[in-house]
Every structure is written in C-alpha cells, then in structure tokens.
file structure.txt (compact mmCIF, C-alpha atoms)
# COMPACT_ATOMS: atom_id res chain seq x y z
CA MET A 1 103.03 128.64 105.13
CA SER A 2 106.00 128.68 102.81
CA LYS A 3 109.54 127.49 102.66
CA ILE A 4 112.38 129.73 103.55
CA GLU A 5 115.91 129.00 102.40
CA LEU A 6 118.66 129.87 104.82
CA ASN A 7 122.03 131.20 103.80
CA LYS A 8 125.22 129.56 105.00
CA ARG A 9 125.65 131.78 108.04
CA GLN A 10 122.04 131.29 109.11
CA GLU A 11 122.51 127.53 108.88
CA GLN A 12 125.63 127.80 111.03
CA ILE A 13 123.70 129.76 113.62
CA VAL A 14 120.94 127.13 113.70
CA GLU A 15 123.57 124.41 114.21
CA ILE A 16 125.24 126.35 117.02
CA VAL A 17 121.93 126.92 118.80
CA LYS A 18 120.94 123.27 118.31
CA GLU A 19 124.18 122.16 119.99
CA ASN A 20 124.53 124.81 122.66
CA GLY A 21 121.15 126.41 123.23
CA PRO A 22 119.95 128.24 125.21
CA ILE A 23 122.74 130.55 124.17
CA THR A 24 123.02 134.34 124.04
CA GLY A 25 123.56 136.38 120.89
CA GLU A 26 126.95 137.40 122.27
CA GLN A 27 127.99 133.75 122.60
CA ILE A 28 126.78 132.87 119.11
CA ALA A 29 128.83 135.78 117.79
CA ASP A 30 131.90 134.45 119.63
CA HIS A 31 131.46 131.03 118.03
CA LEU A 32 131.48 132.62 114.60
CA HIS A 33 134.21 135.21 115.36
CA LEU A 34 131.79 137.96 114.39
CA THR A 35 130.22 140.86 116.24
CA ARG A 36 126.76 140.71 117.77
CA ALA A 37 125.73 143.60 115.46
CA THR A 38 126.67 141.64 112.34
CA LEU A 39 124.44 138.76 113.40
CA ARG A 40 121.44 140.88 114.32
CA PRO A 41 119.62 140.60 110.93
CA ASP A 42 120.23 136.83 110.75
CA LEU A 43 118.94 136.28 114.28
CA ALA A 44 115.88 138.39 113.47
CA ILE A 45 115.07 136.28 110.40
CA LEU A 46 115.64 132.99 112.21
CA THR A 47 113.40 134.06 115.04
CA MET A 48 110.62 135.39 112.82
CA ALA A 49 110.69 132.29 110.64
CA GLY A 50 110.29 130.11 113.71
CA PHE A 51 113.64 128.32 113.65
CA LEU A 52 114.74 129.90 116.91
CA GLU A 53 112.99 131.39 119.86
CA ALA A 54 114.51 134.08 122.03
CA ARG A 55 113.78 134.37 125.72
CA PRO A 56 114.91 137.48 127.64
CA ARG A 57 117.84 136.84 130.00
CA VAL A 58 118.03 133.20 128.78
CA GLY A 59 119.01 133.38 125.14
CA TYR A 60 118.16 131.66 121.88
CA TYR A 61 116.97 128.08 121.66
CA TYR A 62 116.03 125.80 118.80
CA THR A 63 112.34 125.16 118.12
CA GLY A 64 112.94 122.37 115.63
CA LYS A 65 110.00 122.69 113.28
CA GLN A 66 110.62 120.23 110.50
CA ASP A 67 109.65 119.73 106.88
CA THR A 68 108.23 116.32 107.65
CA GLN A 69 105.64 117.87 109.97
CA LEU A 70 104.47 119.96 107.07
CA LEU A 71 104.32 116.89 104.87
CA ALA A 72 102.19 115.09 107.45
CA GLU A 73 99.80 118.04 107.58
CA GLU A 74 99.43 118.01 103.79
CA LEU A 75 98.82 114.26 103.69
CA LYS A 76 96.22 114.48 106.42
CA LYS A 77 94.05 116.72 104.26
CA LEU A 78 93.48 114.03 101.59
CA GLN A 79 90.12 112.28 101.48
CA VAL A 80 89.02 109.02 99.89
CA LYS A 81 86.51 110.67 97.56
CA ASP A 82 89.22 112.55 95.67
CA HIS A 83 91.36 109.47 94.99
CA GLN A 84 89.04 106.47 94.73
CA SER A 85 88.58 104.25 91.67
CA ILE A 86 85.46 102.70 90.16
CA PRO A 87 84.37 99.51 91.98
CA ILE A 88 83.92 96.27 90.04
CA VAL A 89 81.22 94.06 91.50
CA VAL A 90 80.03 90.51 90.82
CA SER A 91 76.90 88.75 91.96
CA VAL A 92 77.17 86.32 94.85
CA ASN A 93 75.78 83.66 92.48
CA VAL A 94 78.64 83.59 89.94
CA SER A 95 81.32 80.88 89.84
CA VAL A 96 84.97 81.29 90.78
CA TYR A 97 85.79 80.81 87.09
CA ASP A 98 83.53 83.72 86.09
CA ALA A 99 84.99 85.89 88.85
CA ILE A 100 88.54 85.26 87.57
CA CYS A 101 87.38 86.15 84.03
CA THR A 102 85.80 89.39 85.31
CA MET A 103 89.02 90.22 87.15
CA PHE A 104 90.97 89.90 83.89
CA LEU A 105 88.40 91.69 81.75
CA GLU A 106 88.20 94.64 84.14
CA ASP A 107 91.90 94.45 84.99
CA VAL A 108 91.46 94.85 88.75
CA GLY A 109 93.00 93.05 91.71
CA THR A 110 89.90 93.00 93.91
CA LEU A 111 86.22 92.29 93.22
CA PHE A 112 83.32 93.17 95.49
CA VAL A 113 80.51 90.64 95.82
CA VAL A 114 76.92 91.89 96.10
CA ASP A 115 73.58 90.24 96.82
CA ASP A 116 70.34 90.60 94.85
CA GLN A 117 69.72 94.06 96.38
CA THR A 118 73.28 95.06 95.31
CA TYR A 119 74.41 95.29 98.94
CA LEU A 120 77.97 94.31 99.79
CA VAL A 121 78.29 90.72 101.04
CA GLY A 122 81.86 89.76 100.16
CA VAL A 123 85.31 90.60 98.80
CA LEU A 124 87.44 88.54 96.41
CA SER A 125 91.17 89.20 96.09
CA ARG A 126 93.56 87.67 93.54
CA LYS A 127 94.96 85.74 96.46
CA ASP A 128 91.53 84.23 97.28
CA LEU A 129 91.01 83.20 93.66
CA LEU A 130 94.54 81.81 93.31
CA ARG A 131 94.06 79.73 96.47
CA ALA A 132 90.81 78.33 95.08
CA SER A 133 92.51 77.46 91.81
CA LEU A 134 95.03 75.25 93.64
CA GLY A 135 92.27 72.78 94.47
CA LYS A 136 91.45 69.93 92.14
CA GLN A 137 87.83 71.04 91.67
CA ASP A 138 86.31 72.48 88.52
CA LEU A 139 86.35 76.27 89.01
CA THR A 140 83.11 76.69 87.04
CA SER A 141 81.26 74.66 89.68
CA ILE A 142 82.44 76.52 92.81
CA PRO A 143 80.32 79.56 93.73
CA VAL A 144 82.25 82.62 94.90
CA ASN A 145 80.42 82.72 98.22
CA ILE A 146 82.39 79.61 99.29
CA ILE A 147 85.74 81.37 99.04
CA MET A 148 85.05 85.07 99.52
CA THR A 149 85.81 87.12 102.64
CA ARG A 150 82.35 87.92 103.97
CA MET A 151 80.63 90.53 106.11
CA PRO A 152 81.26 91.41 108.93
CA ASN A 153 84.93 90.57 108.30
CA ILE A 154 85.25 93.13 105.51
CA THR A 155 87.14 96.35 106.22
CA THR A 156 85.26 99.20 104.55
CA CYS A 157 85.69 102.95 104.31
CA ARG A 158 83.57 106.02 103.59
CA GLN A 159 84.09 108.77 101.01
CA ASP A 160 85.02 111.34 103.61
CA ASP A 161 87.52 109.09 105.39
CA LEU A 162 91.12 110.22 105.33
CA ILE A 163 93.56 108.66 102.89
CA VAL A 164 96.09 108.15 105.70
CA ASP A 165 93.59 106.08 107.67
CA VAL A 166 92.87 103.92 104.63
CA ALA A 167 96.62 103.52 103.96
CA ASN A 168 97.04 102.42 107.56
CA ALA A 169 94.20 99.89 107.22
CA LEU A 170 95.67 98.44 104.00
CA ILE A 171 99.02 97.88 105.74
CA ASP A 172 97.53 96.66 109.04
CA LYS A 173 95.12 94.18 107.47
CA GLN A 174 97.56 93.21 104.70
CA ILE A 175 95.04 93.74 101.93
CA ASP A 176 95.25 95.43 98.54
CA ALA A 177 91.95 97.30 98.43
CA LEU A 178 88.99 98.55 100.45
CA PRO A 179 85.45 99.06 99.22
CA VAL A 180 84.16 102.61 99.61
CA VAL A 181 80.61 102.20 100.91
CA LYS A 182 77.49 104.18 101.67
CA ASP A 183 75.29 102.93 104.49
CA THR A 184 71.70 102.81 103.25
CA GLY A 185 70.29 101.56 106.53
CA ASN A 186 69.54 98.15 104.99
CA GLY A 187 73.09 97.43 103.84
CA PHE A 188 76.24 98.86 102.32
CA GLU A 189 76.09 100.14 98.77
CA VAL A 190 79.53 99.92 97.09
CA ILE A 191 80.35 103.29 95.56
CA GLY A 192 84.13 103.07 95.13
CA ARG A 193 87.36 101.15 95.43
CA ILE A 194 90.57 102.39 97.00
CA THR A 195 93.80 100.46 96.55
CA LYS A 196 97.56 100.46 96.99
CA THR A 197 97.66 101.63 93.38
CA ASN A 198 95.76 104.78 94.41
CA MET A 199 98.29 105.26 97.23
CA THR A 200 101.19 104.94 94.79
CA LYS A 201 99.52 107.47 92.48
CA ILE A 202 99.21 109.91 95.38
CA LEU A 203 102.97 109.64 95.99
CA VAL A 204 103.63 110.26 92.29
CA SER A 205 101.26 113.21 92.15
CA PHE A 206 102.92 114.85 95.15
CA ALA A 207 106.36 114.33 93.66
CA ASN A 208 105.32 115.85 90.33
CA ASP A 209 103.59 118.83 91.89
CA VAL A 210 106.36 121.37 91.35
CA MET B 211 114.05 125.01 105.39
CA SER B 212 111.20 125.38 107.82
CA LYS B 213 107.59 126.29 107.85
CA ILE B 214 106.47 129.75 108.83
CA GLU B 215 102.95 130.41 109.96
CA LEU B 216 101.44 133.69 108.92
CA ASN B 217 99.14 135.71 111.11
CA LYS B 218 95.80 136.90 109.79
CA ARG B 219 97.06 140.29 108.62
CA GLN B 220 100.02 138.74 106.85
CA GLU B 221 97.67 136.37 105.03
CA GLN B 222 95.51 139.33 104.00
CA ILE B 223 98.58 141.09 102.62
CA VAL B 224 99.56 138.01 100.61
CA GLU B 225 96.04 137.83 99.16
CA ILE B 226 96.06 141.54 98.25
CA VAL B 227 99.44 141.22 96.52
CA LYS B 228 98.34 138.05 94.71
CA GLU B 229 95.31 139.89 93.35
CA ASN B 230 96.79 143.31 92.67
CA GLY B 231 100.59 142.94 92.47
CA PRO B 232 102.83 144.65 91.68
CA ILE B 233 101.51 147.01 94.30
CA THR B 234 103.19 149.57 96.58
CA GLY B 235 103.26 149.42 100.36
CA GLU B 236 101.13 152.58 100.38
CA GLN B 237 98.45 150.91 98.28
CA ILE B 238 98.45 147.75 100.43
CA ALA B 239 97.99 149.97 103.50
CA ASP B 240 95.02 151.67 101.79
CA HIS B 241 93.38 148.31 101.13
CA LEU B 242 93.62 147.45 104.81
CA HIS B 243 92.78 150.95 106.10
CA LEU B 244 96.07 150.99 107.98
CA THR B 245 99.18 153.14 107.80
CA ARG B 246 102.27 152.15 105.88
CA ALA B 247 104.24 152.24 109.15
CA THR B 248 101.94 149.70 110.79
CA LEU B 249 102.51 147.28 107.93
CA ARG B 250 106.29 147.63 107.82
CA PRO B 251 107.12 144.64 110.10
CA ASP B 252 104.66 142.38 108.24
CA LEU B 253 106.04 143.32 104.85
CA ALA B 254 109.56 142.71 106.12
CA ILE B 255 108.66 139.21 107.30
CA LEU B 256 106.78 138.33 104.12
CA THR B 257 109.69 139.50 101.99
CA MET B 258 112.35 137.73 104.03
CA ALA B 259 110.35 134.51 104.13
CA GLY B 260 110.08 134.54 100.34
CA PHE B 261 106.32 135.05 100.01
CA LEU B 262 106.72 138.46 98.42
CA GLU B 263 109.44 140.21 96.54
CA ALA B 264 109.89 143.95 96.54
CA ARG B 265 111.27 145.84 93.57
CA PRO B 266 112.21 149.53 93.93
CA ARG B 267 109.80 151.89 92.16
CA VAL B 268 107.58 148.92 91.19
CA GLY B 269 106.27 147.51 94.42
CA TYR B 270 105.56 144.13 95.97
CA TYR B 271 104.70 141.04 93.95
CA TYR B 272 103.85 137.47 94.86
CA THR B 273 106.49 134.78 94.42
CA GLY B 274 104.13 131.88 95.05
CA LYS B 275 106.23 129.27 96.75
CA GLN B 276 103.89 126.52 97.88
CA ASP B 277 103.75 123.75 100.46
CA THR B 278 103.37 121.15 97.75
CA GLN B 279 106.75 122.12 96.30
CA LEU B 280 108.29 121.37 99.64
CA LEU B 281 106.50 118.05 99.76
CA ALA B 282 107.86 117.17 96.33
CA GLU B 283 111.37 118.03 97.45
CA GLU B 284 111.05 115.76 100.48
CA LEU B 285 109.72 112.88 98.42
CA LYS B 286 112.49 113.26 95.89
CA LYS B 287 115.09 112.51 98.54
CA LEU B 288 113.84 108.95 99.15
CA GLN B 289 115.85 106.07 97.73
CA VAL B 290 114.95 102.46 97.03
CA LYS B 291 117.54 101.03 99.46
CA ASP B 292 115.80 102.57 102.48
CA HIS B 293 112.38 101.16 101.66
CA GLN B 294 112.86 97.86 99.81
CA SER B 295 111.69 94.43 101.01
CA ILE B 296 113.37 91.03 100.86
CA PRO B 297 113.05 89.40 97.43
CA ILE B 298 111.57 85.92 97.11
CA VAL B 299 113.05 83.93 94.23
CA VAL B 300 112.23 80.59 92.61
CA SER B 301 114.27 78.53 90.20
CA VAL B 302 113.33 78.62 86.53
CA ASN B 303 112.86 74.83 86.75
CA VAL B 304 109.95 74.78 89.23
CA SER B 305 106.32 74.19 88.24
CA VAL B 306 103.53 76.77 88.28
CA TYR B 307 101.99 74.78 91.15
CA ASP B 308 105.18 75.06 93.23
CA ALA B 309 105.43 78.79 92.43
CA ILE B 310 101.88 79.37 93.69
CA CYS B 311 102.70 77.43 96.88
CA THR B 312 105.85 79.53 97.40
CA MET B 313 103.79 82.69 96.91
CA PHE B 314 101.43 81.61 99.70
CA LEU B 315 104.15 80.36 102.01
CA GLU B 316 106.13 83.58 101.68
CA ASP B 317 103.00 85.74 101.49
CA VAL B 318 104.19 87.90 98.59
CA GLY B 319 102.47 89.07 95.42
CA THR B 320 105.47 88.76 93.10
CA LEU B 321 108.18 86.12 92.66
CA PHE B 322 111.46 86.58 90.83
CA VAL B 323 112.70 83.70 88.71
CA VAL B 324 116.43 82.97 88.60
CA ASP B 325 118.63 80.64 86.54
CA ASP B 326 121.28 78.20 87.82
CA GLN B 327 123.74 81.08 88.40
CA THR B 328 120.99 82.86 90.40
CA TYR B 329 120.71 85.61 87.79
CA LEU B 330 117.31 87.16 87.13
CA VAL B 331 115.51 85.59 84.15
CA GLY B 332 111.83 86.19 84.91
CA VAL B 333 109.05 87.66 87.03
CA LEU B 334 105.82 85.98 88.16
CA SER B 335 102.90 88.04 89.40
CA ARG B 336 99.69 86.73 91.02
CA LYS B 337 98.02 87.74 87.79
CA ASP B 338 100.37 85.53 85.71
CA LEU B 339 99.73 82.57 87.99
CA LEU B 340 95.99 83.15 88.07
CA ARG B 341 95.91 83.29 84.26
CA ALA B 342 97.78 79.99 84.08
CA SER B 343 95.36 78.38 86.51
CA LEU B 344 92.43 79.16 84.20
CA GLY B 345 93.76 76.63 81.69
CA LYS B 346 92.70 73.02 81.85
CA GLN B 347 96.25 71.74 82.28
CA ASP B 348 97.76 70.21 85.40
CA LEU B 349 99.64 73.07 87.14
CA THR B 350 102.30 70.68 88.46
CA SER B 351 103.35 69.88 84.89
CA ILE B 352 103.74 73.47 83.58
CA PRO B 353 107.20 75.00 84.19
CA VAL B 354 107.18 78.65 85.25
CA ASN B 355 109.35 79.67 82.31
CA ILE B 356 106.34 79.13 80.00
CA ILE B 357 104.25 81.79 81.74
CA MET B 358 106.73 84.23 83.32
CA THR B 359 107.56 87.70 82.05
CA ARG B 360 111.14 87.32 80.86
CA MET B 361 114.23 89.44 80.29
CA PRO B 362 114.58 91.91 78.59
CA ASN B 363 110.90 92.78 79.24
CA ILE B 364 111.41 93.08 83.00
CA THR B 365 111.46 96.55 84.52
CA THR B 366 114.19 96.62 87.16
CA CYS B 367 115.60 99.23 89.52
CA ARG B 368 118.80 99.85 91.49
CA GLN B 369 119.27 100.50 95.21
CA ASP B 370 120.12 104.14 94.66
CA ASP B 371 117.18 104.84 92.35
CA LEU B 372 114.62 107.31 93.61
CA ILE B 373 111.36 106.08 95.12
CA VAL B 374 109.41 108.54 92.96
CA ASP B 375 110.87 107.02 89.79
CA VAL B 376 109.94 103.53 90.95
CA ALA B 377 106.43 104.70 91.88
CA ASN B 378 106.10 106.18 88.41
CA ALA B 379 107.27 102.92 86.80
CA LEU B 380 104.79 100.85 88.86
CA ILE B 381 101.93 103.07 87.67
CA ASP B 382 103.14 103.37 84.05
CA LYS B 383 103.75 99.66 83.57
CA GLN B 384 100.72 98.64 85.66
CA ILE B 385 102.71 96.23 87.81
CA ASP B 386 102.79 95.58 91.56
CA ALA B 387 106.53 95.17 92.16
CA LEU B 388 110.00 95.71 90.72
CA PRO B 389 113.09 93.64 91.45
CA VAL B 390 115.98 95.63 92.91
CA VAL B 391 119.04 94.36 91.05
CA LYS B 392 122.81 94.62 91.04
CA ASP B 393 124.54 94.29 87.68
CA THR B 394 127.38 91.77 88.05
CA GLY B 395 128.50 92.08 84.45
CA ASN B 396 127.24 88.57 83.67
CA GLY B 397 123.67 89.14 84.77
CA PHE B 398 121.41 90.78 87.33
CA GLU B 399 121.58 89.60 90.90
CA VAL B 400 118.24 90.17 92.71
CA ILE B 401 118.92 91.99 95.98
CA GLY B 402 115.50 93.44 96.81
CA ARG B 403 111.84 93.86 96.01
CA ILE B 404 109.94 97.13 95.94
CA THR B 405 106.16 97.16 95.76
CA LYS B 406 103.00 99.22 95.99
CA THR B 407 102.89 98.04 99.61
CA ASN B 408 106.21 99.81 100.22
CA MET B 409 104.73 102.93 98.59
CA THR B 410 101.68 102.76 100.87
CA LYS B 411 103.98 102.36 103.88
CA ILE B 412 105.90 105.47 102.84
CA LEU B 413 102.64 107.45 102.79
CA VAL B 414 101.77 106.15 106.26
CA SER B 415 105.22 106.90 107.64
CA PHE B 416 105.07 110.48 106.37
CA ALA B 417 101.62 110.97 107.84
CA ASN B 418 102.72 109.66 111.24
CA ASP B 419 105.92 111.69 111.34
CA VAL B 420 104.74 114.45 113.66
call {"tool": "encode", "arguments": {"input": "structure.txt", "output": "structure tokens"}}
result
Amino acid sequence: MSKIELNKRQEQIVEIVKENGPITGEQIADHLHLTRATLRPDLAILTMAGFLEARPRVGYYYTGKQDTQLLAEELKKLQVKDHQSIPIVVSVNVSVYDAICTMFLEDVGTLFVVDDQTYLVGVLSRKDLLRASLGKQDLTSIPVNIIMTRMPNITTCRQDDLIVDVANALIDKQIDALPVVKDTGNGFEVIGRITKTNMTKILVSFANDV
Amino acid sequence: MSKIELNKRQEQIVEIVKENGPITGEQIADHLHLTRATLRPDLAILTMAGFLEARPRVGYYYTGKQDTQLLAEELKKLQVKDHQSIPIVVSVNVSVYDAICTMFLEDVGTLFVVDDQTYLVGVLSRKDLLRASLGKQDLTSIPVNIIMTRMPNITTCRQDDLIVDVANALIDKQIDALPVVKDTGNGFEVIGRITKTNMTKILVSFANDV
C-alpha cells in the first residue's frame, strides 16, 4: 500500500462523484465542461487507485477508502513486547514509606507488589500512595498490602497482546499502567510494565517516522 | 490521498525493482518469466500510484513512499484544542492537604495553581504532592506555593499547538500534563489541560476509526 496524491482535476472528479454518484463519465465531463476523452486518464487512475468504482450501465461511484483506516491497520500491528518498559517491583512486606521512596528512586508512577515467590499480588499507584499519606498514621508502620490493589482485581496483559487493547484498558479502567505478566501455572511473573508514557512515545514515534 | 492495495504480481514487481532498480521493463519481465506486454498494465498502475518512477533510457526505480509517512501526516494534523480536557485550578493560598483533596475530588493527576487574578503561577503533580507528604510536617500548614513548580519553569501550550509537539514535550520533560494557556498580556489564563491520558485516547480513537 502507498499514498497517491491527486491533482486538482482528479480531486474535483472525486467530489463530483461523492455528491452525485452513481454518475456516468459523460455526466462528470459535463460538470467540468470538458470532453469525456479528456477525463479518460483521470478516471482510469481514480478507478485503479480505488477511489472510484465503475459499474457498467450504472456509472462511477465513490468507494471512500480513507487514510484513517490505514492508520488503524498500522496501529493494530503493534504488540506490547515491542513497547514495554522495565517493571519495578517491591515485596509485599515493605512499608508505604519504603514504597514511596522506591517510586522516587526508580522514577516510576506504578509499582508492582510480589510475594516471596516473586509472583504478582498487588499494584501500587501514586494515587494509592498519596491517599495513604493523607491519613494521620506513620507511613513507616503501614504495610503496602493494606493499601494496594490486589489480585484478582488487577488488570494484566501479555507480551503478545495488542497495544490498542492495552490503551483501551488504560482508558476504561482509568489507570496509568498495566503489568506485563507470564503465567507460570503457579502465579503471574511480572516481566514488564506498559504505561500511558509508552502510549505517548508511540504517538511521537509515528509522527517522527518520515 | 487513499490507500491502494497491490496484487501479488505487483508486489513482486516492487520487490524486483527495489532490489535491482534502475531496471528496464524487459528485465523485470525476464525475472518473472512473463512478456513485457503482460506486465504493461501493472507497471502503469505502479507508476501512477507513485510506487515506481520510470525514466526514459534508464528504467524503473523505487520511490519508496511508505504507510508510516502517511500516518505521520495524519498525526501532524491534530491540534490541542480538539483533544484537551478541562483544567482544574487551585488558589496559590491553599494548603498541600487541600490540594491533595482537590486532586482526589476532581480525579486528576495535575493541578494548576493561579494567583488572585486567576493567572497561572504554578503546577502541582501527584509526584510533587507525594514528595511533600514524605516530610514530617503537617500537610494542612504547608502552602502549595512552597512545593509547586513555578513560572517561568512551567511548560505551557496553546490551543492551536500540534498534538505531536505536546506529546514530544511530555516525553522530553518527563511530565504528565501541560496547561493550555491564553496569553492575556498580563499573564497566562489557563483554558485547558492536556495529558498522557489524552494521548492514549488519541491512539485508541485512531485504532477504532474503521
């Protein structure tokens, strides 16, 4: 697939067919005050490129393939594994204070909480930690498992999931990040992190790809 | 512009020209064990659609227009005003505690701080508020102007800025949101908020646009 740029007359023809189709070549020529023969090469290009279709004894009509369809097709090829970030995990035994420190040290917005076998048991967002910090308690004495979102309420994804599905989940669930997991049979191993930052980077990379 | 789908033979021709161009029609026909006459319609389509160019006495060569270029062009049309969210502002006189409460009530990740004339003077992220909450002080007694990012260190954007430029700024500056501002001459009025969530929504909307 490739782009094809239309000249001014070809664009006029597309507009006429959009408005009036199905319409014969003769009638298009009348609209433009030109002869049918003059238009023949333009109509051939427009038909071959898929803008118009021609049906015998009916005329030309507009097929309406759009750039945005192409864009959607490109986006739907992207997989998590090519865009994920490194996951930052903390043990389920650490305090809220330690979790906040880890968040700043690692400069991430979401931490994944794992048990002694390093299986996923919880998620901590900045929002969770901020909410906890509003309380009057000493943050060093509250364990993260009191405030974390826990299994099975965690939305996860796999490496071969599609980016568009993850983007949808982030918006639907109103969260900033998903853990990328591998199912070991005994539990989920956390092998990645995919965030709204990754989504923003994908937009930037597409825009710069010229 | 529109997409054009190539048939198998046309794709073969493109590959041959990519590898061997400039190459004559005769030579392409040899590669495919076909006659030059058989290939004529395909070569005409490929040339008109911009995949190949033909130069007299030289032959066909590959022009290499790609889908991703088209994608970039589409993305570069998007403007802030069509994708921004409502800004949530707090007065420069409120406490960190009140700011955190506002953040939860309004369910946003970034607050904009305004002075008595409602001009932008600061930005508060969840990260700023979380950092403040690590201290031992009473959050109700710390004014937000102690901890906020202040002018002129605030990255702002305008309604007619391009989404790709904002996306770039979000990644470059490692921030979650920008205020959309209008310059009144005396200061910036905050008229919108644009975030990584908006960027993720743009990805989703493109993917669903079929």
call {"tool": "residues_around", "arguments": {"input": "structure.txt", "residues": "Leu105 of chain A", "least_positions_apart": "6", "cutoff": "12 Å", "atoms": "all atoms listed in the file", "output": "list of chain:residue names"}}
result
A:Ile88, A:Asp98, A:Ala99, A:Leu111, B:Arg341
call {"tool": "atom_distance", "arguments": {"input": "structure.txt", "atom1": "atom CA of Ser95 of chain A", "atom2": "atom CA of Lys196 of chain A"}}
result
26.4 Å
call {"tool": "atom_distance", "arguments": {"input": "structure.txt", "atom1": "atom CA of Lys136 of chain A", "atom2": "atom CA of Val304 of chain B"}}
result
19.3 Å
call {"tool": "atom_distance", "arguments": {"input": "structure.txt", "atom1": "atom CA of Gln79 of chain A", "atom2": "atom CA of Gln159 of chain A"}}
result
7.0 Å
call {"tool": "closest_residue", "arguments": {"input": "structure.txt", "among": "B:Val354, B:Ile310, B:Val323, B:Leu253", "to": "Arg126 of chain A", "atoms": "all atoms listed in the file"}}
result
B:Ile310
call {"tool": "closest_residue", "arguments": {"input": "structure.txt", "among": "B:Leu288, B:Ile356, B:Leu334, B:Leu380", "to": "Phe322 of chain B", "atoms": "only C-alpha atoms"}}
result
B:Leu334
